[in-house]
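Below is my_file38.txt, which holds compact mmCIF, C-alpha atoms.
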```txt
# COMPACT_ATOMS: atom_id res chain seq x y z
CA MET Z 1 34.85 -20.72 -0.13
CA ASN Z 2 34.44 -21.74 -3.77
CA SER Z 3 31.76 -20.24 -5.96
CA ARG Z 4 29.09 -22.76 -6.88
CA TYR Z 5 28.00 -20.75 -9.91
CA LYS Z 6 31.21 -19.29 -11.30
CA ASN Z 7 29.49 -17.09 -13.89
CA ILE Z 8 27.78 -15.02 -11.18
CA ASP Z 9 30.16 -12.13 -10.61
CA LYS Z 10 30.08 -9.25 -8.12
CA ASN Z 11 30.47 -6.93 -11.09
CA ILE Z 12 26.98 -6.77 -12.60
CA GLU Z 13 28.41 -5.60 -15.92
CA ILE Z 14 30.02 -8.99 -16.57
CA SER Z 15 27.86 -11.25 -14.40
CA HIS Z 16 25.47 -13.92 -15.62
CA THR Z 17 22.22 -14.90 -13.90
CA LEU Z 18 21.56 -18.17 -12.12
CA PRO Z 19 21.62 -21.02 -14.64
CA GLY Z 20 18.35 -22.42 -15.94
CA ASP Z 21 18.82 -25.75 -14.19
CA PHE Z 22 18.73 -23.99 -10.79
CA TYR Z 23 14.97 -23.62 -11.28
CA VAL Z 24 14.26 -27.18 -12.48
CA CYS Z 25 16.72 -29.52 -10.73
CA GLU Z 26 15.29 -31.55 -7.83
CA LEU Z 27 18.70 -32.10 -6.20
CA THR Z 28 19.42 -28.35 -6.30
CA PHE Z 29 16.02 -27.71 -4.72
CA LYS Z 30 16.95 -29.95 -1.76
CA HIS Z 31 20.24 -28.11 -1.33
CA VAL Z 32 18.37 -24.79 -1.38
CA LEU Z 33 16.11 -25.92 1.47
CA GLU Z 34 19.07 -26.71 3.72
CA ASN Z 35 21.55 -24.05 2.63
CA VAL Z 36 19.18 -21.14 2.08
CA PHE Z 37 15.97 -21.62 4.06
CA ALA Z 38 17.22 -23.52 7.14
CA LYS Z 39 19.88 -20.83 7.63
CA SER Z 40 17.61 -17.81 7.19
CA TRP Z 41 14.79 -16.15 9.10
CA GLN Z 42 11.12 -16.81 8.41
CA LEU Z 43 8.14 -14.74 9.50
CA VAL Z 44 5.80 -16.81 11.70
CA LEU Z 45 3.06 -14.39 12.77
CA HIS Z 46 2.26 -11.03 14.30
CA ASP Z 47 2.19 -10.91 18.09
CA GLY Z 48 -1.58 -10.31 18.29
CA PHE Z 49 -1.87 -14.10 18.26
CA LEU Z 50 -0.02 -14.24 21.60
CA GLU Z 51 -1.80 -11.71 23.77
CA GLU Z 52 -2.15 -13.68 27.02
CA ASN Z 53 0.58 -15.16 29.18
CA ASN Z 54 1.09 -18.87 28.33
CA SER Z 55 -0.44 -18.41 24.87
CA VAL Z 56 0.88 -21.02 22.43
CA PHE Z 57 0.98 -21.18 18.63
CA PRO Z 58 2.08 -24.44 16.94
CA PHE Z 59 3.47 -24.37 13.39
CA ASP Z 60 5.81 -26.14 10.99
CA PHE Z 61 8.91 -24.17 10.05
CA MET Z 62 8.16 -24.67 6.35
CA LYS Z 63 5.25 -27.02 5.81
CA ASP Z 64 5.86 -29.93 3.42
CA VAL Z 65 9.49 -29.03 2.57
CA LEU Z 66 11.18 -28.33 5.95
CA THR Z 67 8.51 -29.78 8.20
CA GLU Z 68 10.05 -29.09 11.60
CA PRO Z 69 7.30 -29.05 14.30
CA LEU Z 70 7.72 -25.95 16.51
CA PHE Z 71 5.61 -23.74 18.72
CA LEU Z 72 5.74 -20.21 20.04
CA ILE Z 73 4.91 -19.57 23.67
CA LYS Z 74 4.52 -16.30 25.49
CA ASN Z 75 5.74 -16.32 29.08
CA LYS Z 76 6.91 -13.69 31.56
CA LYS Z 77 10.23 -13.40 29.73
CA GLY Z 78 8.64 -12.74 26.34
CA VAL Z 79 8.09 -14.97 23.31
CA LYS Z 80 10.12 -18.17 22.94
CA CYS Z 81 10.19 -20.75 20.16
CA LEU Z 82 10.49 -24.39 21.21
CA SER Z 83 10.53 -27.80 19.57
CA ASN Z 84 7.01 -29.23 19.51
CA VAL Z 85 8.31 -32.78 19.93
CA CYS Z 86 8.20 -34.58 23.29
CA THR Z 87 11.68 -35.69 24.31
CA HIS Z 88 10.33 -39.04 25.56
CA ARG Z 89 8.92 -40.77 22.46
CA GLY Z 90 8.51 -37.98 19.91
CA ASN Z 91 4.81 -37.18 20.31
CA ILE Z 92 3.59 -33.77 19.07
CA LEU Z 93 2.85 -31.70 22.17
CA ILE Z 94 0.74 -28.73 21.03
CA GLU Z 95 -1.96 -29.44 18.43
CA LYS Z 96 -3.69 -26.06 18.14
CA PRO Z 97 -3.31 -22.44 19.26
CA GLY Z 98 -4.59 -21.57 22.71
CA VAL Z 99 -3.58 -20.94 26.29
CA ILE Z 100 -2.00 -23.72 28.32
CA ASP Z 101 -2.18 -24.23 32.06
CA LYS Z 102 1.03 -23.80 34.03
CA LYS Z 103 2.73 -26.74 32.28
CA ILE Z 104 3.01 -28.34 28.85
CA VAL Z 105 1.84 -31.93 29.29
CA CYS Z 106 2.34 -34.68 26.70
CA ASN Z 107 -0.91 -36.60 26.17
CA TYR Z 108 0.95 -39.83 25.35
CA HIS Z 109 2.71 -40.72 28.65
CA GLY Z 110 2.30 -37.60 30.78
CA ARG Z 111 5.78 -36.10 30.53
CA SER Z 112 5.55 -32.38 31.33
CA PHE Z 113 7.59 -29.24 30.77
CA ASP Z 114 7.45 -25.72 32.17
CA SER Z 115 6.70 -22.67 30.02
CA CYS Z 116 10.40 -22.30 29.21
CA GLY Z 117 10.60 -25.87 27.88
CA ASN Z 118 12.48 -27.33 30.85
CA PHE Z 119 11.66 -30.91 31.83
CA SER Z 120 9.35 -30.89 34.84
CA PHE Z 121 7.90 -34.36 35.52
CA MET Z 122 7.32 -37.83 34.12
CA PRO Z 123 5.46 -40.78 35.72
CA GLU Z 124 7.13 -44.13 36.39
CA THR Z 125 10.76 -43.05 36.35
CA SER Z 126 11.93 -45.28 39.20
CA GLY Z 127 15.16 -47.06 38.23
CA MET Z 128 16.13 -44.64 35.46
CA LYS Z 129 19.78 -43.60 35.77
CA ASN Z 130 21.31 -40.26 34.75
CA PHE Z 131 17.82 -38.81 34.50
CA PRO Z 132 16.74 -36.15 33.90
CA SER Z 133 19.42 -34.48 31.77
CA ARG Z 134 19.52 -31.48 29.46
CA GLU Z 135 18.43 -33.80 26.64
CA ASP Z 136 15.06 -34.11 28.36
CA ASP Z 137 14.36 -30.39 27.95
CA LEU Z 138 12.66 -29.10 24.82
CA GLN Z 139 15.10 -27.68 22.31
CA GLU Z 140 14.87 -23.90 22.05
CA VAL Z 141 14.92 -22.53 18.50
CA PRO Z 142 16.16 -19.00 17.68
CA SER Z 143 13.34 -16.47 17.54
CA GLU Z 144 13.29 -12.68 17.46
CA SER Z 145 10.67 -9.96 17.13
CA TRP Z 146 10.57 -6.74 15.14
CA ARG Z 147 7.68 -4.37 15.83
CA GLN Z 148 4.62 -6.65 15.84
CA PHE Z 149 6.24 -9.48 13.85
CA VAL Z 150 7.81 -12.69 15.19
CA PHE Z 151 10.52 -14.50 13.20
CA THR Z 152 12.29 -17.79 13.72
CA SER Z 153 15.18 -19.73 12.16
CA LEU Z 154 16.43 -23.31 12.44
CA ASN Z 155 20.11 -22.40 12.11
CA PRO Z 156 20.58 -18.70 11.33
CA SER Z 157 23.71 -17.59 9.52
CA PHE Z 158 23.03 -13.95 10.40
CA SER Z 159 21.05 -12.06 13.03
CA LEU Z 160 17.53 -10.75 12.57
CA ASN Z 161 18.91 -7.28 13.26
CA GLU Z 162 21.19 -7.61 10.22
CA LEU Z 163 18.10 -8.48 8.18
CA ILE Z 164 15.79 -5.66 9.28
CA THR Z 165 18.10 -2.81 10.30
CA ASN Z 166 17.88 -1.01 6.93
CA LEU Z 167 14.13 -1.53 6.87
CA GLU Z 168 13.83 0.08 10.30
CA GLU Z 169 16.08 2.98 9.34
CA ARG Z 170 14.06 3.75 6.23
CA VAL Z 171 10.43 3.32 7.30
CA GLY Z 172 10.71 3.20 11.08
CA TRP Z 173 8.91 6.53 11.33
CA MET Z 174 5.66 4.69 10.57
CA PRO Z 175 3.69 3.23 13.53
CA ILE Z 176 4.07 -0.27 12.08
CA GLU Z 177 3.32 -1.99 15.38
CA LYS Z 178 -0.12 -0.36 15.30
CA PHE Z 179 -1.06 -1.43 11.77
CA ILE Z 180 -4.20 -3.60 11.90
CA TYR Z 181 -4.15 -7.07 10.34
CA ARG Z 182 -7.04 -7.53 7.92
CA GLU Z 183 -7.82 -11.15 7.14
CA ASP Z 184 -10.49 -10.08 4.63
CA LEU Z 185 -7.81 -8.33 2.57
CA SER Z 186 -5.29 -11.17 2.84
CA LYS Z 187 -4.97 -13.94 0.26
CA LYS Z 188 -2.97 -16.98 -0.81
CA TYR Z 189 -1.96 -17.76 -4.37
CA ILE Z 190 -0.53 -20.93 -5.92
CA VAL Z 191 2.00 -20.28 -8.67
CA ASP Z 192 3.23 -23.04 -10.98
CA ALA Z 193 6.82 -21.89 -10.87
CA ASN Z 194 9.97 -22.10 -8.77
CA TRP Z 195 9.98 -19.83 -5.71
CA ALA Z 196 13.17 -18.07 -6.86
CA LEU Z 197 11.64 -17.14 -10.22
CA TYR Z 198 8.87 -15.37 -8.32
CA CYS Z 199 11.52 -13.44 -6.34
CA ASP Z 200 13.46 -12.64 -9.52
CA ASN Z 201 10.37 -11.03 -10.99
CA TYR Z 202 9.62 -9.06 -7.81
CA LEU Z 203 13.15 -7.71 -7.58
CA GLU Z 204 13.09 -5.60 -10.73
CA GLY Z 205 10.86 -2.87 -12.09
CA PHE Z 206 12.16 -3.54 -15.60
CA HIS Z 207 8.99 -5.43 -16.54
CA ILE Z 208 6.48 -2.89 -15.19
CA PRO Z 209 5.78 -1.00 -18.46
CA PHE Z 210 5.33 -4.32 -20.29
CA ILE Z 211 3.33 -6.34 -17.74
CA HIS Z 212 1.61 -3.81 -15.41
CA LYS Z 213 0.04 -1.06 -17.52
CA ASP Z 214 -2.14 0.31 -14.69
CA LEU Z 215 0.69 0.31 -12.15
CA ASN Z 216 2.98 1.98 -14.66
CA ALA Z 217 0.42 4.79 -15.01
CA VAL Z 218 0.87 5.85 -11.36
CA LEU Z 219 4.65 5.35 -11.07
CA ASP Z 220 7.41 7.56 -12.41
CA TYR Z 221 9.23 4.73 -14.18
CA LYS Z 222 12.26 6.73 -15.29
CA ASN Z 223 13.14 7.42 -11.64
CA TYR Z 224 12.56 3.87 -10.37
CA ASP Z 225 15.41 3.17 -7.99
CA VAL Z 226 17.00 0.16 -6.21
CA GLU Z 227 19.23 0.16 -3.13
CA THR Z 228 20.98 -2.98 -1.88
CA PHE Z 229 21.98 -3.90 1.68
CA PRO Z 230 23.69 -6.98 3.17
CA TYR Z 231 20.54 -9.15 3.40
CA SER Z 232 17.83 -6.98 1.90
CA ASN Z 233 17.17 -4.53 -0.85
CA LEU Z 234 14.76 -1.70 -1.51
CA GLN Z 235 12.95 -0.68 -4.65
CA ILE Z 236 11.50 2.81 -4.42
CA GLY Z 237 8.40 3.53 -6.44
CA TYR Z 238 8.29 7.27 -7.14
CA GLY Z 239 4.84 8.59 -7.90
CA ASN Z 240 3.89 10.91 -10.70
CA GLU Z 241 2.26 14.26 -10.03
CA ASN Z 242 -1.26 12.80 -9.81
CA SER Z 243 -0.60 9.65 -7.76
CA ASP Z 244 -1.20 9.16 -4.04
CA CYS Z 245 2.09 9.37 -2.14
CA PHE Z 246 3.43 9.32 1.40
CA ASP Z 247 3.26 12.45 3.51
CA LEU Z 248 6.83 12.03 4.69
CA PRO Z 249 7.89 13.56 8.03
CA SER Z 250 11.09 15.55 8.35
CA SER Z 251 12.63 12.58 10.21
CA SER Z 252 12.40 10.43 7.07
CA PRO Z 253 15.60 10.05 5.00
CA ASP Z 254 13.37 10.65 1.97
CA TYR Z 255 11.73 13.84 3.22
CA GLY Z 256 10.66 16.02 0.32
CA LYS Z 257 10.46 13.16 -2.22
CA HIS Z 258 7.32 12.03 -4.05
CA ILE Z 259 7.24 8.34 -3.00
CA ALA Z 260 4.26 6.11 -3.82
CA ALA Z 261 5.64 2.82 -2.47
CA TYR Z 262 8.56 1.22 -0.65
CA TYR Z 263 9.17 -2.34 -1.85
CA PHE Z 264 11.46 -4.00 0.69
CA TRP Z 265 12.75 -7.52 0.01
CA LEU Z 266 14.19 -9.54 2.91
CA TYR Z 267 16.41 -12.51 2.07
CA PRO Z 268 15.45 -15.01 0.92
CA ASN Z 269 11.66 -14.92 0.39
CA MET Z 270 9.86 -12.06 2.17
CA MET Z 271 8.54 -8.79 0.80
CA PHE Z 272 7.41 -5.87 2.96
CA ASN Z 273 5.53 -3.49 0.66
CA PHE Z 274 4.63 -0.15 2.24
CA TYR Z 275 1.93 2.05 0.74
CA PRO Z 276 0.17 5.14 2.12
CA TRP Z 277 -2.67 2.82 3.22
CA GLY Z 278 -0.37 0.45 5.13
CA LEU Z 279 1.63 -2.73 4.56
CA SER Z 280 1.33 -5.82 2.37
CA VAL Z 281 3.61 -8.62 3.55
CA ASN Z 282 4.27 -11.26 0.89
CA ILE Z 283 5.79 -14.60 1.92
CA VAL Z 284 7.02 -16.84 -0.90
CA LYS Z 285 6.81 -20.48 0.22
CA PRO Z 286 8.25 -23.28 -1.93
CA ILE Z 287 5.94 -26.29 -2.21
CA SER Z 288 8.04 -28.19 -4.75
CA ILE Z 289 10.63 -27.42 -7.40
CA LYS Z 290 7.95 -26.01 -9.75
CA LYS Z 291 5.18 -24.96 -7.37
CA THR Z 292 5.04 -22.05 -4.93
CA GLU Z 293 2.54 -20.63 -2.46
CA VAL Z 294 2.57 -16.85 -2.09
CA GLU Z 295 0.79 -15.54 0.99
CA PHE Z 296 -0.30 -11.90 1.06
CA LYS Z 297 -0.95 -10.45 4.53
CA SER Z 298 -2.50 -6.98 4.71
CA TYR Z 299 -1.95 -4.58 7.63
CA VAL Z 300 -3.96 -1.37 7.36
CA TRP Z 301 -2.77 2.02 8.57
CA ASP Z 302 -5.15 4.40 6.75
CA GLU Z 303 -8.24 2.69 5.33
CA SER Z 304 -9.28 5.81 3.40
CA LYS Z 305 -6.31 5.26 1.05
CA LEU Z 306 -6.87 1.56 0.31
CA ASN Z 307 -7.97 2.03 -3.29
CA LEU Z 308 -5.50 4.72 -4.27
CA GLY Z 309 -2.09 4.87 -5.93
CA ALA Z 310 0.44 2.08 -6.36
CA GLY Z 311 -1.23 -0.11 -3.75
CA ALA Z 312 -4.71 0.17 -5.23
CA ASP Z 313 -5.15 -3.18 -7.01
CA ILE Z 314 -2.63 -5.64 -5.62
CA ASP Z 315 -4.64 -8.65 -6.79
CA LYS Z 316 -4.52 -7.56 -10.44
CA VAL Z 317 -0.77 -6.95 -10.27
CA GLU Z 318 -0.28 -10.36 -8.65
CA LEU Z 319 -2.18 -12.21 -11.38
CA GLU Z 320 -0.17 -10.39 -14.06
CA ASP Z 321 3.05 -11.42 -12.31
CA GLU Z 322 1.92 -15.04 -12.00
CA GLU Z 323 1.18 -15.32 -15.70
CA ILE Z 324 4.62 -14.14 -16.78
CA VAL Z 325 6.52 -16.12 -14.11
CA GLN Z 326 4.77 -19.35 -15.14
CA ARG Z 327 5.78 -18.73 -18.76
CA VAL Z 328 9.38 -18.16 -17.67
CA GLN Z 329 9.33 -21.42 -15.67
CA LYS Z 330 8.66 -23.29 -18.90
CA GLY Z 331 11.40 -21.36 -20.70
CA VAL Z 332 14.23 -21.89 -18.19
CA GLY Z 333 13.79 -25.63 -18.53
CA SER Z 334 14.68 -25.47 -22.21
CA ARG Z 335 17.83 -27.29 -23.30
CA PHE Z 336 18.67 -24.14 -25.27
CA TYR Z 337 18.56 -21.79 -22.25
CA LYS Z 338 21.76 -21.60 -20.20
CA HIS Z 339 21.67 -18.31 -18.30
CA GLY Z 340 21.03 -14.63 -18.93
CA ARG Z 341 22.70 -11.27 -18.36
CA PHE Z 342 21.72 -8.39 -16.10
CA SER Z 343 20.71 -4.86 -17.05
CA PRO Z 344 23.08 -2.83 -14.81
CA LYS Z 345 20.48 -0.08 -14.44
CA MET Z 346 17.28 -2.10 -14.00
CA GLU Z 347 18.25 -5.48 -12.48
CA LYS Z 348 20.45 -4.59 -9.51
CA GLY Z 349 17.98 -6.25 -7.14
CA VAL Z 350 17.97 -9.55 -9.03
CA HIS Z 351 21.78 -9.50 -9.22
CA HIS Z 352 21.95 -8.94 -5.46
CA PHE Z 353 19.60 -11.90 -4.88
CA HIS Z 354 21.67 -14.19 -7.12
CA LEU Z 355 24.88 -13.19 -5.34
CA LEU Z 356 23.34 -14.17 -2.00
CA ILE Z 357 22.02 -17.47 -3.37
CA ASN Z 358 25.46 -18.23 -4.79
CA ARG Z 359 27.12 -17.40 -1.48
CA PHE Z 360 24.82 -19.56 0.63
CA MET Z 361 24.81 -22.46 -1.82
CA SER Z 362 28.61 -22.44 -1.74
CA ILE Z 363 28.96 -22.74 2.06
```
Let's see the structure in the file written out as structure tokens.
Amino acid sequence: MNSRYKNIDKNIEISHTLPGDFYVCELTFKHVLENVFAKSWQLVLHDGFLEENNSVFPFDFMKDVLTEPLFLIKNKKGVKCLSNVCTHRGNILIEKPGVIDKKIVCNYHGRSFDSCGNFSFMPETSGMKNFPSREDDLQEVPSESWRQFVFTSLNPSFSLNELITNLEERVGWMPIEKFIYREDLSKKYIVDANWALYCDNYLEGFHIPFIHKDLNAVLDYKNYDVETFPYSNLQIGYGNENSDCFDLPSSSPDYGKHIAAYYFWLYPNMMFNFYPWGLSVNIVKPISIKKTEVEFKSYVWDESKLNLGAGADIDKVELEDEEIVQRVQKGVGSRFYKHGRFSPKMEKGVHHFHLLINRFMSI
């Protein structure tokens, strides 16, 4: 395998960042969609949407950029992900979430499938030879669950377990499956910048004293730490003496430490941010080369701690991040900007991200 970006080195002390044109080139953006996103896992929903047997949830894998029509269905064997395209003439089968009868029936010509996606019936098939075949079944798409969350992938290059195993080991002591989704605390933001620039910014605490004055006041910046794993990394926000921190059990690997937040990044575009009040899941969704939607989903564990500590004013922190990322988007398009260098102490997370991007873009 040849390196696509030869200046990105495993040794952070000599490595360069992704080049500026990565964030502004339309052709590169198309390669990213196929080489990065189609081969990775994406969070679809939490399983509260699929409570009843035969519950269905239609969705596009990545709306507008990888618009693959899919649907989740809960049957006696669990949750499956299937193609939402009828194998007869391509009609969309499931239009909205709900509960189906015993079969999935196409409203175009009446072809039907069972809850596992197997072809069941079609009118007027007299005279058809070599029918039905496996091609008449709905294509199953890889899907896996972790705690209350359901993920799917079009063509995964690694297992979901490889993605979340370090997350589970670190914060698995929390009752994450019991956290309550709060739509009123969840938001969507549109950022006029490349999706990867948003991730770059998230993956380092270097900018906190300069951009987030209030957040910096509750974190112990000098002890800010980053740990990298095969497909994820963790930034640990240590609290100062006066900030609200986790009451860590003895089973936690961090027992005895003063931790205000766990910032877990999952390749390529998901953030699981754990605070004493609960969890903020951030999903970074590319809309175009210079436009990104960031969806914040809030899952509450302890409502009494919502306005305390590092997780107190997420909206303010987000707007501060957006402002700086949008300025950087303009800068990386300059003919005078080629690439940057990494701070070995403060930008390990960004370096890790760029190594993964380079690896997947080179396949």
Could you give me, as JSON lines, every stretch 40-109 of chain Z residue with an atom at most 12 Å from stretch 290-300 of chain Z, plus its closest atom pair and distance in Å to one decimal, counting all atoms listed in the file, rows ordered by chain then number?
```
{"residue": "Z:Leu43", "atom": "CA", "partner": "Z:Lys297", "partner_atom": "CA", "distance": 11.2}
{"residue": "Z:Val44", "atom": "CA", "partner": "Z:Lys297", "partner_atom": "CA", "distance": 11.7}
{"residue": "Z:Leu45", "atom": "CA", "partner": "Z:Lys297", "partner_atom": "CA", "distance": 10.0}
{"residue": "Z:His46", "atom": "CA", "partner": "Z:Tyr299", "partner_atom": "CA", "distance": 10.2}
{"residue": "Z:Met62", "atom": "CA", "partner": "Z:Glu293", "partner_atom": "CA", "distance": 11.2}
{"residue": "Z:Lys63", "atom": "CA", "partner": "Z:Glu293", "partner_atom": "CA", "distance": 10.8}
{"residue": "Z:Asp64", "atom": "CA", "partner": "Z:Glu293", "partner_atom": "CA", "distance": 11.5}
{"residue": "Z:Val65", "atom": "CA", "partner": "Z:Thr292", "partner_atom": "CA", "distance": 11.2}
```
Generate the output file for the selected residues, C-alpha atoms, as a tab-separated table (two decimals), in the frame of the given file.
```tsv
chain	number	residue	atom	x	y	z
Z	43	LEU	CA	8.14	-14.74	9.50
Z	44	VAL	CA	5.80	-16.81	11.70
Z	45	LEU	CA	3.06	-14.39	12.77
Z	46	HIS	CA	2.26	-11.03	14.30
Z	62	MET	CA	8.16	-24.67	6.35
Z	63	LYS	CA	5.25	-27.02	5.81
Z	64	ASP	CA	5.86	-29.93	3.42
Z	65	VAL	CA	9.49	-29.03	2.57
```
Residues near Z:Ile176, cut-off 9 Å, only C-alpha atoms, skip fewer than 5 positions along chain, as a short mmCIF file (atom, residue, chain, number, x, y, z; two decimals) with C-alpha atoms, keeping the file's coordinate frame:
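File part-v6.cif, as written:
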```cif
data_model
loop_
_atom_site.label_atom_id
_atom_site.label_comp_id
_atom_site.auth_asym_id
_atom_site.auth_seq_id
_atom_site.Cartn_x
_atom_site.Cartn_y
_atom_site.Cartn_z
CA ARG Z 147 7.68 -4.37 15.83
CA GLN Z 148 4.62 -6.65 15.84
CA VAL Z 171 10.43 3.32 7.30
CA GLY Z 278 -0.37 0.45 5.13
CA LEU Z 279 1.63 -2.73 4.56
CA TYR Z 299 -1.95 -4.58 7.63
CA TRP Z 301 -2.77 2.02 8.57
#
```
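Residue nearest Z:Lys103, chosen from Z:Ala260, Z:Val317, Z:Glu124, Z:Asn75 and counting only C-alpha atoms: Z:Asn75.
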Rows by chain and residue number, stretch 59-129 of chain Z within 7 Å of stretch 134-138 of chain Z, shortest pair, only C-alpha atoms, as a tab-separated table:
```
residue	atom	partner	partner_atom	distance
Z:Leu82	CA	Z:Leu138	CA	6.3
Z:Ser83	CA	Z:Leu138	CA	5.8
Z:Thr87	CA	Z:Asp136	CA	5.5
Z:Gly117	CA	Z:Leu138	CA	4.9
Z:Asn118	CA	Z:Asp137	CA	4.6
Z:Phe119	CA	Z:Asp137	CA	4.8
```
I'd like the contact shell of stretch 17-28 of chain Z - 8 Å cut-off, only C-alpha atoms, skipping same-chain residues fewer than 3 positions apart - returned as an mmCIF file with C-alpha atoms, keeping the file's coordinate frame.
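Below is the file that was written, around_30.cif:
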```
data_model
loop_
_atom_site.group_PDB
_atom_site.id
_atom_site.type_symbol
_atom_site.label_atom_id
_atom_site.label_comp_id
_atom_site.auth_asym_id
_atom_site.auth_seq_id
_atom_site.Cartn_x
_atom_site.Cartn_y
_atom_site.Cartn_z
ATOM 1 C CA TYR Z 5 28.000 -20.750 -9.910
ATOM 2 C CA ASN Z 7 29.490 -17.090 -13.890
ATOM 3 C CA ILE Z 8 27.780 -15.020 -11.180
ATOM 4 C CA HIS Z 31 20.240 -28.110 -1.330
ATOM 5 C CA VAL Z 32 18.370 -24.790 -1.380
ATOM 6 C CA ASN Z 194 9.970 -22.100 -8.770
ATOM 7 C CA ALA Z 196 13.170 -18.070 -6.860
ATOM 8 C CA LEU Z 197 11.640 -17.140 -10.220
ATOM 9 C CA ILE Z 289 10.630 -27.420 -7.400
ATOM 10 C CA LYS Z 290 7.950 -26.010 -9.750
ATOM 11 C CA GLN Z 329 9.330 -21.420 -15.670
ATOM 12 C CA VAL Z 332 14.230 -21.890 -18.190
ATOM 13 C CA GLY Z 333 13.790 -25.630 -18.530
ATOM 14 C CA SER Z 334 14.680 -25.470 -22.210
ATOM 15 C CA TYR Z 337 18.560 -21.790 -22.250
ATOM 16 C CA LYS Z 338 21.760 -21.600 -20.200
ATOM 17 C CA HIS Z 339 21.670 -18.310 -18.300
ATOM 18 C CA GLY Z 340 21.030 -14.630 -18.930
ATOM 19 C CA ARG Z 341 22.700 -11.270 -18.360
ATOM 20 C CA PHE Z 342 21.720 -8.390 -16.100
ATOM 21 C CA HIS Z 351 21.780 -9.500 -9.220
ATOM 22 C CA HIS Z 354 21.670 -14.190 -7.120
#
```
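One finds atom CA of Z:Asn166 at 18.7 Å from atom CA of Z:Tyr224.
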Find the residues near Z:Cys106: any atom within 12 Å, counting all atoms listed in the file, skip ones fewer than 5 places away on the same chain, and give them as a ChimeraX atom specification. /Z:84-95,100,111-114,119-123,138
List every residue of stretch 113-183 of chain Z that has an atom at most 10 Å from any atom of stretch 249-258 of chain Z, and for each one report the closest atom pair and its distance in Å to one decimal, counting all atoms listed in the file, with rows sorted by chain and then by increasing residue number, as JSON lines.
```
{"residue": "Z:Glu169", "atom": "CA", "partner": "Z:Pro253", "partner_atom": "CA", "distance": 8.3}
{"residue": "Z:Arg170", "atom": "CA", "partner": "Z:Pro253", "partner_atom": "CA", "distance": 6.6}
{"residue": "Z:Val171", "atom": "CA", "partner": "Z:Ser252", "partner_atom": "CA", "distance": 7.4}
{"residue": "Z:Gly172", "atom": "CA", "partner": "Z:Ser252", "partner_atom": "CA", "distance": 8.4}
{"residue": "Z:Trp173", "atom": "CA", "partner": "Z:Ser252", "partner_atom": "CA", "distance": 6.7}
{"residue": "Z:Met174", "atom": "CA", "partner": "Z:Pro249", "partner_atom": "CA", "distance": 9.5}
```
At most 7 Å from (7.6, 3.3, -0.6), file frame, all atoms listed in the file: which residues, as a PyMOL selection string? chain Z and resi 236-237+259-263+274-275
By how many Å are atom CA of Z:Val36 and atom CA of Z:Asn161 apart? 17.8 Å
Taking (3.4, -18.8, 30.2) in the file's own coordinates, collect the residues within 10 Å, counting only C-alpha atoms, and hand them back as a PyMOL selection string. chain Z and resi 52-56+73-80+99-104+114-116
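Between atom CA of Z:Leu203 and atom CA of Z:Gly349 the separation is 5.1 Å.
Distance check against Z:Ser232 using only C-alpha atoms: of Z:Ser186, Z:Ser362, Z:Thr165, Z:Asn282, the minimum falls on Z:Thr165.
Of the listed residues Z:Pro230, Z:Pro58, Z:Pro175, Z:Pro132, the one whose atoms come nearest to Z:Leu160 is Z:Pro230, with distances taken using only C-alpha atoms.
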Which is closest to Z:Leu50 among Z:Leu185, Z:Asn201, Z:Val350, Z:Phe149, if we use all atoms listed in the file? Z:Phe149
Fill-in result for stretch 259-268 of chain Z, N, CA and C atoms as a PDB file, in the frame of the given file:
```pdb
ATOM      1  N   ILE Z 259       7.142   9.802  -3.015  1.00  0.00           N
ATOM      2  CA  ILE Z 259       7.240   8.340  -3.000  1.00  0.00           C
ATOM      3  C   ILE Z 259       5.861   7.696  -2.860  1.00  0.00           C
ATOM      4  N   ALA Z 260       5.551   6.794  -3.808  1.00  0.00           N
ATOM      5  CA  ALA Z 260       4.260   6.110  -3.820  1.00  0.00           C
ATOM      6  C   ALA Z 260       4.325   4.756  -3.131  1.00  0.00           C
ATOM      7  N   ALA Z 261       5.519   4.147  -3.077  1.00  0.00           N
ATOM      8  CA  ALA Z 261       5.640   2.820  -2.470  1.00  0.00           C
ATOM      9  C   ALA Z 261       7.093   2.522  -2.126  1.00  0.00           C
ATOM     10  N   TYR Z 262       7.264   1.813  -1.010  1.00  0.00           N
ATOM     11  CA  TYR Z 262       8.560   1.220  -0.650  1.00  0.00           C
ATOM     12  C   TYR Z 262       8.404  -0.287  -0.792  1.00  0.00           C
ATOM     13  N   TYR Z 263       9.214  -0.893  -1.662  1.00  0.00           N
ATOM     14  CA  TYR Z 263       9.170  -2.340  -1.850  1.00  0.00           C
ATOM     15  C   TYR Z 263      10.444  -2.935  -1.232  1.00  0.00           C
ATOM     16  N   PHE Z 264      10.320  -3.428  -0.013  1.00  0.00           N
ATOM     17  CA  PHE Z 264      11.460  -4.000   0.690  1.00  0.00           C
ATOM     18  C   PHE Z 264      11.454  -5.513   0.552  1.00  0.00           C
ATOM     19  N   TRP Z 265      12.566  -6.068   0.081  1.00  0.00           N
ATOM     20  CA  TRP Z 265      12.750  -7.520   0.010  1.00  0.00           C
ATOM     21  C   TRP Z 265      13.724  -7.950   1.092  1.00  0.00           C
ATOM     22  N   LEU Z 266      13.342  -8.986   1.860  1.00  0.00           N
ATOM     23  CA  LEU Z 266      14.190  -9.540   2.910  1.00  0.00           C
ATOM     24  C   LEU Z 266      14.593 -10.958   2.521  1.00  0.00           C
ATOM     25  N   TYR Z 267      15.887 -11.208   2.474  1.00  0.00           N
ATOM     26  CA  TYR Z 267      16.410 -12.510   2.070  1.00  0.00           C
ATOM     27  C   TYR Z 267      15.856 -13.629   2.951  1.00  0.00           C
ATOM     28  N   PRO Z 268      15.437 -14.756   2.361  1.00  0.00           N
ATOM     29  CA  PRO Z 268      15.450 -15.010   0.920  1.00  0.00           C
ATOM     30  C   PRO Z 268      14.096 -14.858   0.232  1.00  0.00           C
TER      31      PRO Z 268
END
```
